[in-house]
Structures are given as structure tokens and as C-alpha cells.
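Below is final-v4.txt, holding compact mmCIF, C-alpha atoms.
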# COMPACT_ATOMS: atom_id res chain seq x y z
CA MET R 18 0.00 0.00 0.00
CA ILE R 19 1.30 3.47 -0.84
CA THR R 20 1.82 5.53 2.28
CA THR R 21 4.51 7.62 3.89
CA THR R 22 7.85 5.83 4.17
CA TYR R 23 9.30 8.44 6.54
CA ARG R 24 11.16 7.03 9.53
CA SER R 25 11.88 9.53 12.28
CA GLY R 26 15.50 9.73 13.37
CA SER R 27 18.44 12.03 13.89
CA SER R 28 20.96 10.75 11.31
CA TRP R 29 22.99 13.22 9.27
CA LEU R 30 20.61 12.60 6.37
CA HIS R 31 17.62 13.51 8.56
CA ARG R 32 19.31 16.79 9.45
CA ILE R 33 19.86 17.92 5.84
CA SER R 34 17.07 20.21 4.62
CA ALA R 35 14.37 18.71 2.39
CA GLY R 36 15.11 21.23 -0.37
CA LYS R 37 18.79 20.21 -0.58
CA LYS R 38 17.91 16.51 -0.62
CA LEU R 39 15.37 16.95 -3.40
CA PHE R 40 17.83 19.03 -5.43
CA PHE R 41 20.51 16.37 -4.95
CA LEU R 42 18.01 13.69 -5.99
CA LEU R 43 17.23 15.62 -9.17
CA VAL R 44 20.92 16.13 -10.07
CA VAL R 45 22.05 12.54 -9.36
CA SER R 46 19.02 11.07 -11.13
CA THR R 47 19.81 13.13 -14.23
CA LEU R 48 23.45 12.00 -14.10
CA LEU R 49 22.40 8.38 -13.71
CA LEU R 50 20.28 8.61 -16.85
CA MET R 51 23.29 9.97 -18.76
CA LEU R 52 25.87 7.41 -17.52
CA GLU R 53 26.30 4.42 -19.84
CA GLN R 54 29.45 2.79 -18.36
CA VAL R 55 28.99 -0.31 -16.22
CA ASN R 56 31.76 0.65 -13.79
CA ALA R 57 30.35 4.13 -13.25
CA GLN R 58 26.82 2.82 -12.63
CA LEU R 59 28.07 0.22 -10.15
CA LEU R 60 30.23 2.81 -8.40
CA VAL R 61 27.24 5.15 -7.94
CA LEU R 62 25.15 2.24 -6.64
CA LEU R 63 27.91 1.36 -4.17
CA LEU R 64 28.13 4.98 -2.98
CA ILE R 65 24.35 5.13 -2.44
CA LEU R 66 24.50 1.92 -0.40
CA ILE R 67 27.34 3.35 1.72
CA VAL R 68 25.33 6.54 2.31
CA MET R 69 22.29 4.49 3.34
CA LYS R 70 24.40 2.31 5.61
CA THR R 71 25.88 5.33 7.42
CA ALA R 72 22.36 6.69 7.98
CA LYS R 73 21.25 3.26 9.28
CA LEU R 74 18.56 2.91 6.63
CA LEU R 75 19.44 -0.61 5.46
CA THR R 76 17.12 -2.51 7.76
CA ILE R 77 14.98 -5.64 7.37
CA SER R 78 11.83 -3.50 7.06
CA PHE R 79 13.54 -1.50 4.32
CA TYR R 80 14.28 -4.72 2.42
CA HIS R 81 10.61 -5.75 2.78
CA SER R 82 9.48 -2.41 1.39
CA ILE R 83 11.60 -2.68 -1.76
CA ARG R 84 11.47 -6.42 -2.50
CA THR R 85 8.64 -5.95 -5.04
CA PHE R 86 10.89 -3.51 -6.91
CA ILE R 87 13.77 -6.00 -6.77
CA TRP R 88 11.63 -8.66 -8.46
CA PHE R 89 10.65 -6.13 -11.08
CA ILE R 90 14.34 -5.29 -11.70
CA VAL R 91 15.21 -8.99 -11.95
CA ILE R 92 12.52 -9.48 -14.61
CA VAL R 93 13.68 -6.40 -16.57
CA ALA R 94 17.31 -7.58 -16.27
CA ALA R 95 16.46 -11.06 -17.56
CA TYR R 96 14.63 -9.54 -20.53
CA SER R 97 17.54 -7.13 -21.21
CA ILE R 98 20.10 -9.98 -21.16
CA TRP R 99 18.00 -11.88 -23.68
CA VAL R 100 17.38 -8.88 -25.99
CA GLN R 101 20.43 -6.58 -25.58
CA GLY R 102 23.13 -8.52 -23.73
CA TRP R 103 24.85 -8.49 -20.34
CA THR R 104 26.33 -4.98 -20.38
CA THR R 105 23.05 -3.19 -21.09
CA ALA R 106 21.25 -5.39 -18.55
CA ILE R 107 23.72 -4.48 -15.80
CA VAL R 108 23.61 -0.76 -16.65
CA ALA R 109 19.77 -0.71 -16.74
CA SER R 110 19.38 -2.73 -13.54
CA ALA R 111 22.00 -0.75 -11.59
CA ARG R 112 20.43 2.51 -12.79
CA MET R 113 16.93 1.46 -11.75
CA LEU R 114 18.09 0.19 -8.39
CA SER R 115 20.09 3.38 -7.74
CA LEU R 116 17.09 5.57 -8.60
CA ILE R 117 14.79 3.56 -6.31
CA LEU R 118 17.31 3.61 -3.45
CA LEU R 119 17.90 7.33 -3.85
CA ALA R 120 14.19 8.14 -3.84
CA MET R 121 13.67 5.86 -0.84
CA THR R 122 16.58 7.51 0.99
CA VAL R 123 14.99 10.93 0.53
CA SER R 124 11.48 9.81 1.48
CA MET R 125 12.69 7.82 4.52
CA THR R 126 14.58 10.78 5.94
CA THR R 127 12.23 13.63 5.00
CA SER R 128 8.90 14.23 6.70
CA ILE R 129 5.78 15.00 4.68
CA ALA R 130 5.59 18.39 6.40
CA ALA R 131 9.12 19.20 5.12
CA LEU R 132 8.20 18.05 1.60
CA MET R 133 5.05 20.19 1.79
CA SER R 134 7.17 23.21 2.72
CA VAL R 135 9.47 22.63 -0.28
CA LEU R 136 6.48 22.23 -2.58
CA GLU R 137 5.08 25.48 -1.21
CA VAL R 138 8.37 27.28 -1.97
CA VAL R 139 8.59 25.75 -5.48
CA VAL R 140 5.09 26.88 -6.50
CA LYS R 141 5.37 30.24 -4.72
CA PRO R 142 6.31 32.14 -7.95
CA LEU R 143 3.07 30.93 -9.54
CA ASP R 144 1.25 31.99 -6.37
CA ARG R 145 2.71 35.49 -6.72
CA LEU R 146 1.37 35.62 -10.28
CA GLY R 147 -2.04 34.73 -8.90
CA MET R 148 -2.14 31.44 -10.81
CA VAL R 149 -2.26 29.03 -7.87
CA ASN R 150 -2.52 29.00 -4.08
CA SER R 151 0.78 27.44 -2.94
CA GLU R 152 -0.49 26.67 0.57
CA ARG R 153 -3.48 24.78 -0.79
CA ILE R 154 -1.34 22.78 -3.23
CA ALA R 155 1.00 21.71 -0.43
CA LEU R 156 -1.93 20.79 1.80
CA THR R 157 -3.58 18.80 -1.00
CA PHE R 158 -0.34 16.85 -1.43
CA GLY R 159 -0.22 16.04 2.31
CA ILE R 160 -3.90 15.07 2.54
CA THR R 161 -3.57 12.87 -0.56
CA LEU R 162 -0.74 10.89 1.03
CA ARG R 163 -2.72 10.60 4.27
CA MET R 164 -5.90 9.42 2.54
CA ILE R 165 -4.49 6.79 0.15
CA PRO R 166 -4.39 4.02 2.79
CA GLU R 167 -7.77 5.11 4.21
CA LEU R 168 -9.44 4.98 0.80
CA SER R 169 -7.82 1.62 0.12
CA LEU R 170 -9.34 0.35 3.39
CA GLN R 171 -12.70 1.85 2.45
CA TRP R 172 -12.60 0.05 -0.93
CA GLN R 173 -11.81 -3.22 0.84
CA GLU R 174 -14.76 -2.73 3.25
CA ILE R 175 -17.18 -2.03 0.41
CA ARG R 176 -15.90 -5.02 -1.59
CA GLU R 177 -16.28 -7.34 1.40
CA ALA R 178 -19.81 -6.02 2.07
CA GLN R 179 -20.79 -6.70 -1.53
CA ILE R 180 -19.24 -10.19 -1.44
CA ALA R 181 -21.14 -10.87 1.83
CA ARG R 182 -24.36 -9.90 0.02
CA GLY R 183 -23.55 -12.45 -2.67
CA VAL R 184 -22.67 -9.96 -5.41
CA GLY R 185 -19.29 -11.65 -5.93
CA GLN R 186 -16.19 -9.93 -7.29
CA ASN R 187 -18.06 -7.42 -9.48
CA VAL R 188 -16.08 -4.18 -9.33
CA LEU R 189 -18.86 -2.07 -10.86
CA VAL R 190 -21.25 -2.54 -7.91
CA CYS R 191 -18.55 -1.23 -5.57
CA ILE R 192 -17.92 1.97 -7.52
CA VAL R 193 -21.14 3.83 -6.61
CA PRO R 194 -20.87 3.35 -2.81
CA MET R 195 -17.14 4.15 -3.07
CA ILE R 196 -17.85 7.46 -4.82
CA VAL R 197 -20.67 8.37 -2.40
CA ARG R 198 -18.58 7.60 0.69
CA THR R 199 -15.53 9.37 -0.73
CA LEU R 200 -17.52 12.54 -1.49
CA LYS R 201 -19.08 12.50 2.00
CA ARG R 202 -15.64 11.99 3.47
CA ALA R 203 -14.17 14.82 1.40
CA GLN R 204 -16.80 17.17 2.87
CA GLU R 205 -15.97 16.05 6.42
CA ILE R 206 -12.23 16.49 5.83
CA ALA R 207 -12.85 19.96 4.40
CA ASP R 208 -14.85 20.80 7.55
CA ALA R 209 -12.05 19.47 9.76
CA VAL R 210 -9.45 21.53 7.89
CA ASP R 211 -11.64 24.64 8.12
CA ALA R 212 -12.14 24.09 11.83
CA ARG R 213 -8.42 23.85 12.55
CA TYR R 214 -6.78 26.13 10.00
CA MET K 61 -17.64 31.53 28.71
CA LEU K 62 -21.06 32.60 27.51
CA ILE K 63 -22.63 31.01 24.44
CA GLN K 64 -25.81 32.54 23.09
CA PHE K 65 -28.24 31.40 20.41
CA LYS K 66 -30.66 34.18 19.49
CA ASN K 67 -33.63 33.06 17.39
CA VAL K 68 -31.41 30.77 15.27
CA THR K 69 -32.95 28.98 12.31
CA VAL K 70 -31.03 26.77 9.88
CA SER K 71 -32.47 25.38 6.66
CA ARG K 72 -30.98 22.96 4.19
CA ASP K 73 -32.56 22.04 0.85
CA ASP K 74 -35.82 23.77 1.86
CA LYS K 75 -35.96 21.70 5.05
CA THR K 76 -35.74 23.42 8.44
CA VAL K 77 -32.97 21.68 10.43
CA LEU K 78 -32.99 24.01 13.45
CA SER K 79 -35.96 26.18 14.24
CA GLY K 80 -35.91 29.39 16.29
CA LEU K 81 -33.37 28.34 18.93
CA ASN K 82 -33.13 30.74 21.86
CA PHE K 83 -30.87 29.94 24.77
CA ALA K 84 -27.74 31.02 26.62
CA ILE K 85 -25.25 28.73 28.33
CA SER K 86 -22.45 29.53 30.72
CA GLU K 87 -21.92 26.15 32.43
CA ARG K 88 -18.55 24.35 32.07
CA ARG K 89 -20.00 21.03 30.86
CA ILE K 90 -22.94 21.01 28.52
CA GLY K 91 -24.50 17.89 27.01
CA ILE K 92 -26.66 17.69 23.91
CA LEU K 93 -29.01 14.74 23.55
CA GLY K 94 -31.22 13.83 20.63
CA ALA K 95 -32.02 11.21 18.05
CA ASN K 96 -30.05 10.87 14.80
CA GLY K 97 -31.03 13.70 12.47
CA SER K 98 -32.50 15.82 15.28
CA GLY K 99 -30.06 18.69 14.61
CA LYS K 100 -27.31 18.06 17.19
CA SER K 101 -24.41 18.17 14.72
CA THR K 102 -25.90 21.20 12.96
CA LEU K 103 -26.09 23.06 16.29
CA LEU K 104 -22.45 22.24 17.04
CA ARG K 105 -21.30 23.28 13.57
CA LEU K 106 -22.83 26.72 14.07
CA LEU K 107 -20.47 27.31 16.99
CA ASN K 108 -17.36 27.66 14.84
CA GLY K 109 -18.96 28.78 11.61
CA LEU K 110 -18.81 25.50 9.70
CA LEU K 111 -22.47 26.29 9.05
CA THR K 112 -24.20 29.64 9.16
CA ALA K 113 -27.71 30.35 10.37
CA LYS K 114 -30.38 31.45 7.92
CA THR K 115 -31.72 33.83 10.55
CA GLY K 116 -30.63 34.76 14.05
CA GLU K 117 -27.27 35.09 15.78
CA VAL K 118 -24.82 32.70 17.40
CA ILE K 119 -22.56 34.48 19.87
CA VAL K 120 -19.51 32.85 21.43
CA ASP K 121 -17.76 34.74 24.20
CA GLY K 122 -19.18 38.04 22.96
CA LEU K 123 -18.28 37.42 19.31
CA GLU K 124 -20.96 36.96 16.67
CA VAL K 125 -19.71 33.87 14.83
CA SER K 126 -20.47 34.78 11.20
CA LYS K 127 -18.83 38.22 11.58
CA ASN K 128 -15.73 37.07 13.51
CA LEU K 129 -14.96 33.70 11.94
CA ALA K 130 -11.17 33.69 12.43
CA ALA K 131 -11.35 34.90 16.05
CA VAL K 132 -14.12 32.43 16.89
CA ARG K 133 -12.27 29.48 15.34
CA HIS K 134 -9.28 30.43 17.45
CA LYS K 135 -11.46 30.06 20.54
CA VAL K 136 -13.47 26.99 19.51
CA GLY K 137 -11.89 23.56 19.04
CA PHE K 138 -13.98 20.96 17.24
CA VAL K 139 -13.54 17.21 17.73
CA PHE K 140 -15.41 15.29 15.05
CA GLN K 141 -17.10 11.91 15.35
CA ASN K 142 -14.72 10.16 12.99
CA PRO K 143 -11.06 10.90 13.77
CA ASP K 144 -10.05 9.40 10.42
CA ASN K 145 -11.48 12.47 8.75
CA GLN K 146 -9.94 14.87 11.24
CA ILE K 147 -6.35 13.65 11.06
CA VAL K 148 -5.30 15.19 7.77
CA LEU K 149 -1.57 14.45 7.57
CA PRO K 150 0.15 11.04 7.56
CA VAL K 151 2.31 11.29 10.70
CA VAL K 152 0.90 12.29 14.13
CA ARG K 153 3.53 14.99 14.74
CA GLU K 154 2.88 16.53 11.31
CA ASP K 155 -0.86 16.52 11.84
CA LEU K 156 -0.58 18.37 15.14
CA GLU K 157 1.89 20.79 13.59
CA PHE K 158 -0.53 21.55 10.77
CA GLY K 159 -3.10 23.15 13.09
CA ILE K 160 -0.65 25.41 14.92
CA LYS K 161 1.78 26.34 12.14
CA ARG K 162 0.19 29.75 11.60
CA LYS K 163 -0.36 30.44 15.28
CA ILE K 164 3.14 29.50 16.46
CA PRO K 165 5.83 30.47 13.90
CA ASP K 166 8.76 29.26 16.03
CA ALA K 167 9.54 25.58 15.33
CA ARG K 168 10.88 24.82 18.82
CA SER K 169 7.82 26.31 20.56
CA ARG K 170 5.63 24.31 18.16
CA SER K 171 7.40 21.07 19.08
CA GLU K 172 6.94 21.81 22.78
CA ARG K 173 3.25 22.55 22.31
CA ILE K 174 2.77 19.34 20.29
CA LEU K 175 4.40 17.21 22.97
CA GLN K 176 2.44 18.99 25.70
CA ALA K 177 -0.87 18.37 23.90
CA LEU K 178 -0.10 14.69 23.35
CA GLU K 179 1.02 14.29 26.96
CA SER K 180 -2.21 15.86 28.20
CA VAL K 181 -4.21 13.05 26.56
CA GLY K 182 -1.66 10.38 27.50
CA ALA K 183 -0.57 9.81 23.92
CA ALA K 184 2.99 11.17 23.85
CA ASP K 185 4.27 7.77 22.69
CA LEU K 186 2.27 8.14 19.46
CA ILE K 187 4.12 11.25 18.29
CA ASP K 188 6.03 9.61 15.43
CA ARG K 189 3.43 6.99 14.54
CA ILE K 190 1.80 6.84 11.11
CA ALA K 191 -1.87 7.82 11.54
CA HIS K 192 -3.46 4.99 9.59
CA THR K 193 -1.71 2.37 11.73
CA LEU K 194 -3.32 3.67 14.96
CA SER K 195 -6.35 2.04 16.60
CA GLY K 196 -9.68 3.91 16.66
CA GLY K 197 -9.15 4.93 20.29
CA GLU K 198 -5.62 6.15 19.62
CA LYS K 199 -6.84 8.15 16.62
CA GLN K 200 -9.52 9.82 18.75
CA MET K 201 -6.88 10.78 21.34
CA VAL K 202 -4.63 12.20 18.59
CA ALA K 203 -7.58 14.15 17.13
CA LEU K 204 -8.28 15.58 20.59
CA ALA K 205 -4.59 16.42 21.12
CA ALA K 206 -4.55 18.20 17.74
CA VAL K 207 -7.42 20.39 18.90
CA LEU K 208 -5.88 20.97 22.35
CA ALA K 209 -2.61 22.05 20.73
CA CYS K 210 -4.51 25.05 19.32
CA ASN K 211 -5.29 26.06 22.93
CA PRO K 212 -9.02 26.72 22.52
CA ASP K 213 -11.31 28.08 25.25
CA LEU K 214 -14.29 26.01 24.16
CA LEU K 215 -14.21 22.36 23.09
CA VAL K 216 -17.01 20.98 20.95
CA PHE K 217 -17.38 17.20 20.70
CA ASP K 218 -19.62 15.58 18.12
CA GLU K 219 -20.39 12.04 19.35
CA PRO K 220 -16.84 11.51 20.60
CA THR K 221 -17.26 8.01 22.03
CA THR K 222 -19.21 6.38 19.18
CA GLN K 223 -16.15 4.65 17.73
CA LEU K 224 -14.34 3.89 20.99
CA ASP K 225 -14.01 0.59 22.84
CA LEU K 226 -14.84 0.58 26.56
CA LYS K 227 -11.24 1.17 27.64
CA HIS K 228 -10.79 4.23 25.42
CA ARG K 229 -14.33 5.45 26.18
CA ASN K 230 -13.50 5.45 29.92
CA ARG K 231 -10.20 7.16 29.24
CA PHE K 232 -12.03 9.83 27.26
CA ALA K 233 -14.62 10.30 30.05
CA GLU K 234 -11.77 10.68 32.56
CA LEU K 235 -10.12 13.31 30.35
CA LEU K 236 -13.37 15.20 29.96
CA ARG K 237 -13.57 15.53 33.75
CA VAL K 238 -10.17 17.22 34.00
CA LEU K 239 -10.04 19.39 30.89
CA PRO K 240 -10.00 23.05 31.97
CA GLN K 241 -11.94 24.26 28.91
CA THR K 242 -15.69 24.69 28.58
CA CYS K 243 -16.95 21.53 26.85
CA LEU K 244 -20.05 21.01 24.75
CA VAL K 245 -20.70 17.33 24.05
CA ALA K 246 -23.31 15.85 21.71
CA SER K 247 -23.59 12.16 22.45
CA HIS K 248 -25.81 9.08 22.68
CA ASP K 249 -23.63 7.89 25.56
CA LEU K 250 -25.99 8.54 28.48
CA ASP K 251 -23.36 7.73 31.13
CA LEU K 252 -21.12 10.41 29.63
CA VAL K 253 -23.96 12.93 29.37
CA ALA K 254 -24.91 12.20 33.01
CA GLU K 255 -21.71 13.94 34.11
CA MET K 256 -22.63 17.24 32.44
CA ASP K 257 -23.71 20.34 34.38
CA ARG K 258 -26.58 21.02 32.02
CA VAL K 259 -28.20 19.07 29.18
CA LEU K 260 -30.27 20.23 26.22
CA VAL K 261 -32.47 17.71 24.42
CA ILE K 262 -33.17 18.40 20.76
CA GLU K 263 -35.97 16.97 18.70
CA SER K 264 -36.75 17.92 15.10
CA GLY K 265 -34.58 21.03 15.37
CA ARG K 266 -36.14 22.38 18.58
CA ILE K 267 -35.00 22.32 22.20
CA VAL K 268 -37.58 20.15 23.95
CA TRP K 269 -35.84 19.84 27.33
CA ASP K 270 -33.31 21.99 29.09
CA GLY K 271 -32.12 21.24 32.60
CA SER K 272 -29.97 19.12 34.85
CA ALA K 273 -28.34 16.01 33.39
CA LEU K 274 -30.27 13.43 35.40
CA ALA K 275 -33.66 15.06 34.78
CA ALA K 276 -32.88 15.39 31.06
CA ILE K 277 -31.78 11.77 30.77
CA ASP K 278 -34.92 10.58 32.63
CA TRP K 279 -37.10 12.63 30.32
CA TYR K 280 -35.21 11.35 27.24
CA ARG K 281 -35.44 7.71 28.33
CA ASN K 282 -39.21 7.99 28.89
CA HIS K 283 -39.64 9.88 25.65
CA CYS K 284 -37.78 7.22 23.65
CA ALA K 285 -39.49 4.27 25.38
Kindly present the structure from the file in C-alpha cells form.
Amino acid sequence: MITTTYRSGSSWLHRISAGKKLFFLLVVSTLLLMLEQVNAQLLVLLLILIVMKTAKLLTISFYHSIRTFIWFIVIVAAYSIWVQGWTTAIVASARMLSLILLAMTVSMTTSIAALMSVLEVVVKPLDRLGMVNSERIALTFGITLRMIPELSLQWQEIREAQIARGVGQNVLVCIVPMIVRTLKRAQEIADAVDARY
Amino acid sequence: MLIQFKNVTVSRDDKTVLSGLNFAISERRIGILGANGSGKSTLLRLLNGLLTAKTGEVIVDGLEVSKNLAAVRHKVGFVFQNPDNQIVLPVVREDLEFGIKRKIPDARSRSERILQALESVGAADLIDRIAHTLSGGEKQMVALAAVLACNPDLLVFDEPTTQLDLKHRNRFAELLRVLPQTCLVASHDLDLVAEMDRVLVIESGRIVWDGSALAAIDWYRNHCA
């Protein structure tokens, strides 16, 4: 389930500002896409692993959270070996793994509130031009992340209720109650935000 | 704190939800009883301007709600029935921070206030937990802490114990006894309402009983029998 991966802590990576981490992520990701040498890709991957190790991010729970990605990379690598050969397969796999690890490193050490603040700063120029409301965009981002697991749970409840009524696995009969409940919920969340903001 | 309803009428989709309410309350603990759809939640929502009256005035601590929305919301904290809809950010600390960010610009003071609020409801250990992994009772405590962090003078609770197990319900009742703020509680939990200083019973948008908790509960029980 998609949700926040942030783990509170006081490592040196936690202490770096969210803006710097996101900028670094952007720069390194761009470089990774440009690098075609096997040695260079493997070196970057090794450096990322060292960085993660020093920030104590390489835990069992971390492995569990990325194992789906690892299977995906294995499948892509197998296909690449078959179609384009070993070298391309290693470069593509190392690049993908590095990108995933980098993104995970940033999201595990950066709180949603910090990401919201960066987003607010990034869209501020558009706010000044009167095109958007930066505060609202940042809040929408935060609420979206908060609500994904809740809506997933809601979908599951509706599906189980329909199965219990003998409707079976028909997705269509779940859509109407899902939309109705989601709209009602959206109104309640808006009220809660109004009441506290 | 004085709360006044002066000839308040609320209509929705051509249906009158509250009709000509006239009362003033200054007690510390006020209970609201009534069947589902009687207008309890509507009455509570008028107190911090989530709804506005078609006619009449709602006055909280000398401020007419519709004309002083920001000031009134600063004074009135609202705890909703479903904490899932009240906790708007993924991590407990972030959610509490959200409500006070504008009021307390200094990050260190904010952190202190957050911890203080969580400690006051006995939930300091939840500070770094992810909201959707909390139990219903824990979520309700976090929702209450989020409201307390804003330091309101009046706390409004809309059916606060509906989703709680007995342990958390008792913990909530205990908290309600010690909170220094004025509290207005709409609930079907008669044991909780029995501890209030004054109880209003609403039926079809009108106050049909206004008095001491025990007398109101007796009347309500007989009326519903």
C-alpha cells in the first residue's frame, strides 16, 4: 500500500534540509540517466549503499518495502540480457536500483511536512502571479498521502460487504458506494481543515 | 464563557434543520441529547462557523460567529465523530503541527506545544506513529490532542465516544472531567452525558428539554421508550 515511508530519526541525512535533498536527488538522477558505463553505474550504486548504511537505513523492514521492486528489476534484467546482452542489462538494472534507493533515501529521511514546505516554496512564484494557491497545493499533497491508505481500506470494506451480500467480485457494484462515501468523506475532511486552519 | 443562540434557524434544501433556537449557556460542561437527524451536529457546527444560520445570531464569548470567523475558530476547538477524517496528515507529529503552524511560527515552541498536547491526553508515545496504523481509540486521542494544541477556550465534541471501545471510552470520560476548557458534548452515551452540568435535548430542530443532566436523561429515556 502506498503511504509515507518516513522514519523519524536524527541521522545526518535527517538533518539535511528537504530542499537540498530533493535538489541532490534531481541532479544525481539526471546523471544516472546519462551514464552508460557499467563501472560508473556500479560505483554510484555502491556509494548510495554506503550513504544508506551510514544513515542506518538498510534494515529488514527496508528490504521488505523494496522487495517488489527488486523482483521487477530482476525481470527487466532477464529480458535485457536476452534482448540486448549483459552490459546493457547491468547498466539498466543498476540505474533502476540506484534511482529507487535514492528516492527511498529521501522519502525515509524527509517528513511529509518538510516536503510540503518545499512544494510550497517551489510553486510560490506561480502563487505570486495569482495562478495558484501554494499553501493549498501543499496541503492537498499532504492530505492525498494521508488518505491513500484510508481509501484503500474503504474500498476493501465495500468489496467485502458486496461479497457478503452475494454480489461476488463485481467491481462495478462497488464503484457507486465508493464514490458516495468518498464525497461525503471529502466534505468532512474539508470541515475538519476549516475548523483547525 | 457565555454562548448565546438568538432566534437561530437553519435550513438545508428547503428543510428546516434548526428552528428558532433561543438559549444562553455559561456552564462548564454542557450535554446535547437527541435522536439521529434531530439537529445536534448542525447546532455544534454553528459554533465555529462551519455552518451559518439562515436567521438569528450565534454568539460565542461576545463574538458573533459569522462576523468574527477567524477569532471564533481560534477560541473553539472541534472534535469530530470520525477521527479518520480529522487527522489530515500522515504522521501524528505533522498533523498536530498543521493546526498550529500559523499560530506559532517558532519551530521549537511548536514542538513543545505538540508534545504537551499529546502528553495531556496520555498519547505522547504516538508522536512519530503513522496515523493509519493507529487504533480507533488512539486516533480519537490524537484528534483531541490536535485540537488541544490550538489552545481553545471552548471544546465541541460531536459524538466523541461512538467509535471507541470501553477502555478508550472510559479514558475519554476521565479526560473530559479534568479538561480546563468549557466543553459542549453531543452524544448518545448517556453515562457520559450524566456527568454534564446542564443538558439540552433536541428533537426535530427544537429544544424540547433543558435542565440538569439526570432530569434530562430521565425525560429522554421515557420519551424514547
Using all atoms listed in the file, select each residue of chain K with any atom at most 9 Å away from an atom of chain R, and give the selection as a compact mmCIF listing (two decimals) with C-alpha atoms, in the coordinates of the input.
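iface06.txt written:
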# COMPACT_ATOMS: atom_id res chain seq x y z
CA ASN K 108 -17.36 27.66 14.84
CA GLY K 109 -18.96 28.78 11.61
CA LEU K 110 -18.81 25.50 9.70
CA ARG K 133 -12.27 29.48 15.34
CA HIS K 134 -9.28 30.43 17.45
CA VAL K 136 -13.47 26.99 19.51
CA GLY K 137 -11.89 23.56 19.04
CA PHE K 138 -13.98 20.96 17.24
CA VAL K 139 -13.54 17.21 17.73
CA PHE K 140 -15.41 15.29 15.05
CA ASN K 142 -14.72 10.16 12.99
CA ASP K 144 -10.05 9.40 10.42
CA ASN K 145 -11.48 12.47 8.75
CA GLN K 146 -9.94 14.87 11.24
CA ILE K 147 -6.35 13.65 11.06
CA VAL K 148 -5.30 15.19 7.77
CA LEU K 149 -1.57 14.45 7.57
CA PRO K 150 0.15 11.04 7.56
CA VAL K 151 2.31 11.29 10.70
CA GLU K 154 2.88 16.53 11.31
CA ASP K 155 -0.86 16.52 11.84
CA GLU K 157 1.89 20.79 13.59
CA PHE K 158 -0.53 21.55 10.77
CA GLY K 159 -3.10 23.15 13.09
CA ILE K 160 -0.65 25.41 14.92
CA LYS K 161 1.78 26.34 12.14
CA ARG K 162 0.19 29.75 11.60
CA ASP K 188 6.03 9.61 15.43
CA ILE K 190 1.80 6.84 11.11
CA ALA K 191 -1.87 7.82 11.54
CA HIS K 192 -3.46 4.99 9.59
CA ALA K 206 -4.55 18.20 17.74
CA VAL K 207 -7.42 20.39 18.90
CA CYS K 210 -4.51 25.05 19.32
**Request:** Calculate how many Å separate atom CA of Arg189 of chain K from atom CA of Arg153 of chain K, rounding to one decimal.
**Result:** 8.0 Å
**Item:** Coordinates-based distance that separates atom CA of Asp251 of chain K from atom CA of Ala285 of chain K (Å, one decimal)
**Value:** 17.5 Å
**Request:** Mind giving me the straight-line distance from atom CA of Gln223 of chain K to atom CA of Ser247 of chain K in Å, one decimal?
**Result:** 11.6 Å
**Request:** Considering all atoms listed in the file, return as number ranges by chain whatever protein or nucleic-acid residues lie within 10 Å of Leu224 of chain K, sequence-local ones (same chain, fewer than 2 positions apart) excluded.
**Result:** K: 195-200, 220-222, 226-232
**Message:** Distance cut-off 6 Å, centre (21.1, 4.3, -3.9) in file coordinates, counting all atoms listed in the file: which residues qualify? Return them as a PyMOL selection string.
**Reply:** chain R and resi 62+65-66+115+118-119
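Counting only C-alpha atoms, the residue from R:Ile98, R:Met125, R:Leu143, R:Leu168 that sits nearest to Arg198 of chain R is R:Leu168.
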Box dimensions and centre (Å, one decimal) enclosing segment 131-145 of chain R, axis-aligned, 5 Å extra per side, as JSON:
{"center_x": 5.4, "center_y": 26.8, "center_z": -2.2, "size_x": 18.2, "size_y": 27.4, "size_z": 24.7}
**Message:** I'd like the contact shell of Leu123 of chain K - 12 Å cut-off, only C-alpha atoms, skipping same-chain residues fewer than 4 positions apart - returned as a count of residues only.
**Reply:** 21
**Request:** Just the residues within 12 Å of Arg84 of chain R, please, counting only C-alpha atoms, with nothing from its chain fewer than 6 positions along; format it as a PyMOL selection string.
**Result:** chain R and resi 77-78+90-91+114+117-118
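Shortest separation to Leu239 of chain K among K:Ala113, K:Ala203, K:Leu214, K:Ala84 occurs at residue K:Leu214, atoms counted being only C-alpha atoms.
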**Request:** Give me the residues within 9 Å of segment 66-82 of chain K as a ChimeraX atom specification, counting only C-alpha atoms and dropping any in the same chain fewer than 5 places off.
**Result:** /K:97-99,102-103,111-119,264-267
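With only C-alpha atoms taken into account, the protein and nucleic acid residues at most 10 Å from Thr126 of chain R (excluding it and anything under 5 positions from it in its own chain) are R:Thr22, R:Tyr23, R:Arg24, R:Ser25, R:Gly26, R:Ser27, R:Ser28, R:Trp29, R:Leu30, R:His31, R:Arg32, R:Ile33, R:Ser34, R:Ala35, R:Lys38, R:Ala72, R:Leu74, R:Met121.
Comparing the minimum interatomic distances between Lys141 of chain R and each of R:Ile154, R:Phe79, R:Thr104, R:Phe86, counting all atoms listed in the file, we find that R:Ile154 sits nearest.
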